[in-house]
Amino acid sequence: MAFDQAKADEVCALVANGDAEAEICRREGFPDRETLRRWRNDNPEFAAAFARARQDRAYAIEDRTQQIEADVLSGAIEPQAAYTALRNMHWRAKVCAPKTHGDKIQQEIDATIRVEIADPAKLLRK
């Protein structure tokens, strides 16, 4: 399948909505996994859009976790089943967007350090 910008935009929208790449690639009329990989490798704009969509997927997953929580509280889902699903979803969100949903907190610090080396002769005269 040749690169199709409209289809690429649709793929990115589905990924951002939380759909798995494998699930999308199994759909009729969508590129298979190898084609999607080739699109990313050959088209930097699509690669960047796809990466943003994967990060956005973490927020879609977060929305789903809130629904599962509501279902547990209403009694629609057993707590143990919800726990298993939520742990899996948490892992997926961490993989999709480690900076915003990961366990590691990273801080960037921009600082200037000034070091003065003392004159040993001056120190001895004191």
# chains A, B, ... in the order shown; residues from 1 in each chain; ligands from 1
$ residues_around --residues "Phe50 in chain A" --least-positions-apart "6" --cutoff "12 Å" --atoms "only C-alpha atoms" --output "PyMOL selection string"
chain A and resi 8-16+21+36-37+39-41+43-44+56-57+96
$ select_by_dssp --residues "range 4-96 of chain A" --states "alpha helix (DSSP H)" --output "PyMOL selection string"
chain A and resi 5-16+21-25+33-42+44-74+79-96
$ write_last_selection --atoms "C-alpha atoms" --output "tab-separated table (two decimals), in the first residue's frame"
chain	number	residue	atom	x	y	z
A	5	GLN	CA	-2.04	11.02	3.90
A	6	ALA	CA	-5.78	10.67	4.61
A	7	LYS	CA	-5.30	7.07	5.79
A	8	ALA	CA	-2.23	8.09	7.80
A	9	ASP	CA	-4.28	10.80	9.54
A	10	GLU	CA	-6.99	8.25	10.28
A	11	VAL	CA	-4.43	5.83	11.74
A	12	CYS	CA	-3.06	8.57	13.99
A	13	ALA	CA	-6.56	9.51	15.16
A	14	LEU	CA	-7.32	5.89	16.05
A	15	VAL	CA	-4.01	5.50	17.91
A	16	ALA	CA	-4.63	8.73	19.85
A	21	GLU	CA	-1.59	-0.62	16.34
A	22	ALA	CA	-2.11	-4.36	15.80
A	23	GLU	CA	-5.89	-3.92	16.01
A	24	ILE	CA	-5.84	-1.07	13.48
A	25	CYS	CA	-3.65	-3.04	11.07
A	33	ARG	CA	2.19	-3.50	10.38
A	34	GLU	CA	5.05	-3.67	7.88
A	35	THR	CA	3.51	-0.94	5.75
A	36	LEU	CA	2.95	1.23	8.80
A	37	ARG	CA	6.60	0.74	9.80
A	38	ARG	CA	7.70	1.67	6.29
A	39	TRP	CA	5.51	4.80	6.35
A	40	ARG	CA	7.14	5.87	9.62
A	41	ASN	CA	10.65	5.22	8.28
A	42	ASP	CA	10.06	6.94	4.93
A	44	PRO	CA	9.35	11.99	9.01
A	45	GLU	CA	6.14	14.03	9.27
A	46	PHE	CA	4.07	10.88	9.66
A	47	ALA	CA	6.59	9.45	12.14
A	48	ALA	CA	6.28	12.60	14.28
A	49	ALA	CA	2.47	12.57	14.07
A	50	PHE	CA	2.39	8.88	14.98
A	51	ALA	CA	4.68	9.48	17.98
A	52	ARG	CA	2.38	12.29	19.19
A	53	ALA	CA	-0.63	9.99	18.73
A	54	ARG	CA	1.06	7.32	20.88
A	55	GLN	CA	1.61	9.91	23.61
A	56	ASP	CA	-2.02	11.01	23.33
A	57	ARG	CA	-3.05	7.36	23.68
A	58	ALA	CA	-1.92	7.53	27.31
A	59	TYR	CA	-4.61	10.15	27.99
A	60	ALA	CA	-7.25	7.99	26.28
A	61	ILE	CA	-6.17	5.12	28.51
A	62	GLU	CA	-6.45	7.41	31.52
A	63	ASP	CA	-10.04	8.22	30.53
A	64	ARG	CA	-10.82	4.50	30.33
A	65	THR	CA	-9.42	3.91	33.81
A	66	GLN	CA	-11.91	6.41	35.19
A	67	GLN	CA	-14.75	4.47	33.58
A	68	ILE	CA	-13.47	1.21	35.07
A	69	GLU	CA	-13.30	2.87	38.49
A	70	ALA	CA	-16.91	4.01	38.14
A	71	ASP	CA	-17.95	0.50	37.08
A	72	VAL	CA	-16.27	-1.02	40.14
A	73	LEU	CA	-17.95	1.45	42.47
A	74	SER	CA	-21.33	0.73	40.90
A	79	PRO	CA	-12.68	-5.41	41.88
A	80	GLN	CA	-10.09	-8.10	41.11
A	81	ALA	CA	-10.88	-8.04	37.39
A	82	ALA	CA	-10.69	-4.25	37.43
A	83	TYR	CA	-7.36	-4.39	39.26
A	84	THR	CA	-5.89	-6.65	36.57
A	85	ALA	CA	-7.18	-4.43	33.76
A	86	LEU	CA	-6.01	-1.25	35.46
A	87	ARG	CA	-2.50	-2.60	36.04
A	88	ASN	CA	-2.25	-3.50	32.36
A	89	MET	CA	-3.58	-0.10	31.31
A	90	HIS	CA	-1.15	1.66	33.64
A	91	TRP	CA	1.73	-0.23	32.01
A	92	ARG	CA	0.51	0.73	28.52
A	93	ALA	CA	0.24	4.39	29.47
A	94	LYS	CA	3.80	4.32	30.85
A	95	VAL	CA	5.09	2.82	27.61
A	96	CYS	CA	3.20	5.28	25.41
$ atom_distance --atom1 "CA of Phe30 in chain A" --atom2 "CA of Asn17 in chain A"
16.1 Å
$ decode --residues "range 43-74 of chain A" --atoms "N, CA and C atoms" --output "PDB file, in the first residue's frame"
ATOM      1  N   ASN A  43       8.680   8.624   6.025  1.00  0.00           N
ATOM      2  CA  ASN A  43       7.986   9.905   6.092  1.00  0.00           C
ATOM      3  C   ASN A  43       8.153  10.504   7.493  1.00  0.00           C
ATOM      4  N   PRO A  44       9.102  11.410   7.682  1.00  0.00           N
ATOM      5  CA  PRO A  44       9.349  11.988   9.012  1.00  0.00           C
ATOM      6  C   PRO A  44       8.135  12.708   9.609  1.00  0.00           C
ATOM      7  N   GLU A  45       7.334  13.335   8.756  1.00  0.00           N
ATOM      8  CA  GLU A  45       6.139  14.028   9.268  1.00  0.00           C
ATOM      9  C   GLU A  45       5.142  13.026   9.861  1.00  0.00           C
ATOM     10  N   PHE A  46       4.963  11.914   9.145  1.00  0.00           N
ATOM     11  CA  PHE A  46       4.065  10.882   9.665  1.00  0.00           C
ATOM     12  C   PHE A  46       4.647  10.264  10.928  1.00  0.00           C
ATOM     13  N   ALA A  47       5.948  10.028  10.951  1.00  0.00           N
ATOM     14  CA  ALA A  47       6.590   9.453  12.137  1.00  0.00           C
ATOM     15  C   ALA A  47       6.359  10.346  13.354  1.00  0.00           C
ATOM     16  N   ALA A  48       6.492  11.656  13.171  1.00  0.00           N
ATOM     17  CA  ALA A  48       6.280  12.597  14.281  1.00  0.00           C
ATOM     18  C   ALA A  48       4.811  12.603  14.711  1.00  0.00           C
ATOM     19  N   ALA A  49       3.905  12.593  13.754  1.00  0.00           N
ATOM     20  CA  ALA A  49       2.471  12.572  14.075  1.00  0.00           C
ATOM     21  C   ALA A  49       2.095  11.278  14.792  1.00  0.00           C
ATOM     22  N   PHE A  50       2.680  10.171  14.352  1.00  0.00           N
ATOM     23  CA  PHE A  50       2.393   8.879  14.977  1.00  0.00           C
ATOM     24  C   PHE A  50       2.928   8.855  16.413  1.00  0.00           C
ATOM     25  N   ALA A  51       4.107   9.416  16.629  1.00  0.00           N
ATOM     26  CA  ALA A  51       4.679   9.482  17.980  1.00  0.00           C
ATOM     27  C   ALA A  51       3.797  10.330  18.892  1.00  0.00           C
ATOM     28  N   ARG A  52       3.293  11.455  18.386  1.00  0.00           N
ATOM     29  CA  ARG A  52       2.377  12.288  19.194  1.00  0.00           C
ATOM     30  C   ARG A  52       1.088  11.525  19.499  1.00  0.00           C
ATOM     31  N   ALA A  53       0.597  10.773  18.521  1.00  0.00           N
ATOM     32  CA  ALA A  53      -0.628   9.990  18.726  1.00  0.00           C
ATOM     33  C   ALA A  53      -0.413   8.942  19.812  1.00  0.00           C
ATOM     34  N   ARG A  54       0.762   8.311  19.834  1.00  0.00           N
ATOM     35  CA  ARG A  54       1.058   7.323  20.885  1.00  0.00           C
ATOM     36  C   ARG A  54       1.072   7.991  22.258  1.00  0.00           C
ATOM     37  N   GLN A  55       1.615   9.199  22.337  1.00  0.00           N
ATOM     38  CA  GLN A  55       1.608   9.915  23.610  1.00  0.00           C
ATOM     39  C   GLN A  55       0.181  10.269  24.014  1.00  0.00           C
ATOM     40  N   ASP A  56      -0.621  10.681  23.042  1.00  0.00           N
ATOM     41  CA  ASP A  56      -2.023  11.011  23.330  1.00  0.00           C
ATOM     42  C   ASP A  56      -2.805   9.778  23.764  1.00  0.00           C
ATOM     43  N   ARG A  57      -2.377   8.606  23.295  1.00  0.00           N
ATOM     44  CA  ARG A  57      -3.050   7.362  23.683  1.00  0.00           C
ATOM     45  C   ARG A  57      -3.049   7.200  25.200  1.00  0.00           C
ATOM     46  N   ALA A  58      -1.998   7.648  25.859  1.00  0.00           N
ATOM     47  CA  ALA A  58      -1.922   7.533  27.312  1.00  0.00           C
ATOM     48  C   ALA A  58      -3.092   8.271  27.977  1.00  0.00           C
ATOM     49  N   TYR A  59      -3.480   9.406  27.420  1.00  0.00           N
ATOM     50  CA  TYR A  59      -4.613  10.148  27.990  1.00  0.00           C
ATOM     51  C   TYR A  59      -5.935   9.435  27.715  1.00  0.00           C
ATOM     52  N   ALA A  60      -6.046   8.786  26.564  1.00  0.00           N
ATOM     53  CA  ALA A  60      -7.248   7.993  26.275  1.00  0.00           C
ATOM     54  C   ALA A  60      -7.340   6.821  27.250  1.00  0.00           C
ATOM     55  N   ILE A  61      -6.199   6.211  27.539  1.00  0.00           N
ATOM     56  CA  ILE A  61      -6.172   5.115  28.506  1.00  0.00           C
ATOM     57  C   ILE A  61      -6.580   5.630  29.878  1.00  0.00           C
ATOM     58  N   GLU A  62      -6.084   6.803  30.232  1.00  0.00           N
ATOM     59  CA  GLU A  62      -6.446   7.409  31.519  1.00  0.00           C
ATOM     60  C   GLU A  62      -7.958   7.604  31.629  1.00  0.00           C
ATOM     61  N   ASP A  63      -8.578   8.050  30.541  1.00  0.00           N
ATOM     62  CA  ASP A  63     -10.038   8.216  30.533  1.00  0.00           C
ATOM     63  C   ASP A  63     -10.742   6.877  30.761  1.00  0.00           C
ATOM     64  N   ARG A  64     -10.226   5.825  30.152  1.00  0.00           N
ATOM     65  CA  ARG A  64     -10.823   4.498  30.327  1.00  0.00           C
ATOM     66  C   ARG A  64     -10.681   4.006  31.766  1.00  0.00           C
ATOM     67  N   THR A  65      -9.589   4.343  32.408  1.00  0.00           N
ATOM     68  CA  THR A  65      -9.417   3.906  33.805  1.00  0.00           C
ATOM     69  C   THR A  65     -10.481   4.533  34.697  1.00  0.00           C
ATOM     70  N   GLN A  66     -10.855   5.763  34.398  1.00  0.00           N
ATOM     71  CA  GLN A  66     -11.906   6.413  35.194  1.00  0.00           C
ATOM     72  C   GLN A  66     -13.240   5.697  35.019  1.00  0.00           C
ATOM     73  N   GLN A  67     -13.514   5.218  33.815  1.00  0.00           N
ATOM     74  CA  GLN A  67     -14.748   4.469  33.575  1.00  0.00           C
ATOM     75  C   GLN A  67     -14.729   3.147  34.336  1.00  0.00           C
ATOM     76  N   ILE A  68     -13.578   2.481  34.338  1.00  0.00           N
ATOM     77  CA  ILE A  68     -13.469   1.215  35.073  1.00  0.00           C
ATOM     78  C   ILE A  68     -13.675   1.461  36.566  1.00  0.00           C
ATOM     79  N   GLU A  69     -13.109   2.533  37.075  1.00  0.00           N
ATOM     80  CA  GLU A  69     -13.297   2.874  38.492  1.00  0.00           C
ATOM     81  C   GLU A  69     -14.782   3.071  38.802  1.00  0.00           C
ATOM     82  N   ALA A  70     -15.474   3.789  37.944  1.00  0.00           N
ATOM     83  CA  ALA A  70     -16.908   4.011  38.143  1.00  0.00           C
ATOM     84  C   ALA A  70     -17.677   2.694  38.092  1.00  0.00           C
ATOM     85  N   ASP A  71     -17.285   1.800  37.190  1.00  0.00           N
ATOM     86  CA  ASP A  71     -17.947   0.501  37.077  1.00  0.00           C
ATOM     87  C   ASP A  71     -17.717  -0.352  38.326  1.00  0.00           C
ATOM     88  N   VAL A  72     -16.539  -0.273  38.911  1.00  0.00           N
ATOM     89  CA  VAL A  72     -16.265  -1.020  40.144  1.00  0.00           C
ATOM     90  C   VAL A  72     -17.127  -0.469  41.276  1.00  0.00           C
ATOM     91  N   LEU A  73     -17.179   0.833  41.391  1.00  0.00           N
ATOM     92  CA  LEU A  73     -17.949   1.454  42.471  1.00  0.00           C
ATOM     93  C   LEU A  73     -19.446   1.178  42.340  1.00  0.00           C
ATOM     94  N   SER A  74     -19.914   1.017  41.094  1.00  0.00           N
ATOM     95  CA  SER A  74     -21.331   0.726  40.898  1.00  0.00           C
ATOM     96  C   SER A  74     -21.637  -0.764  41.009  1.00  0.00           C
TER      97      SER A  74
END
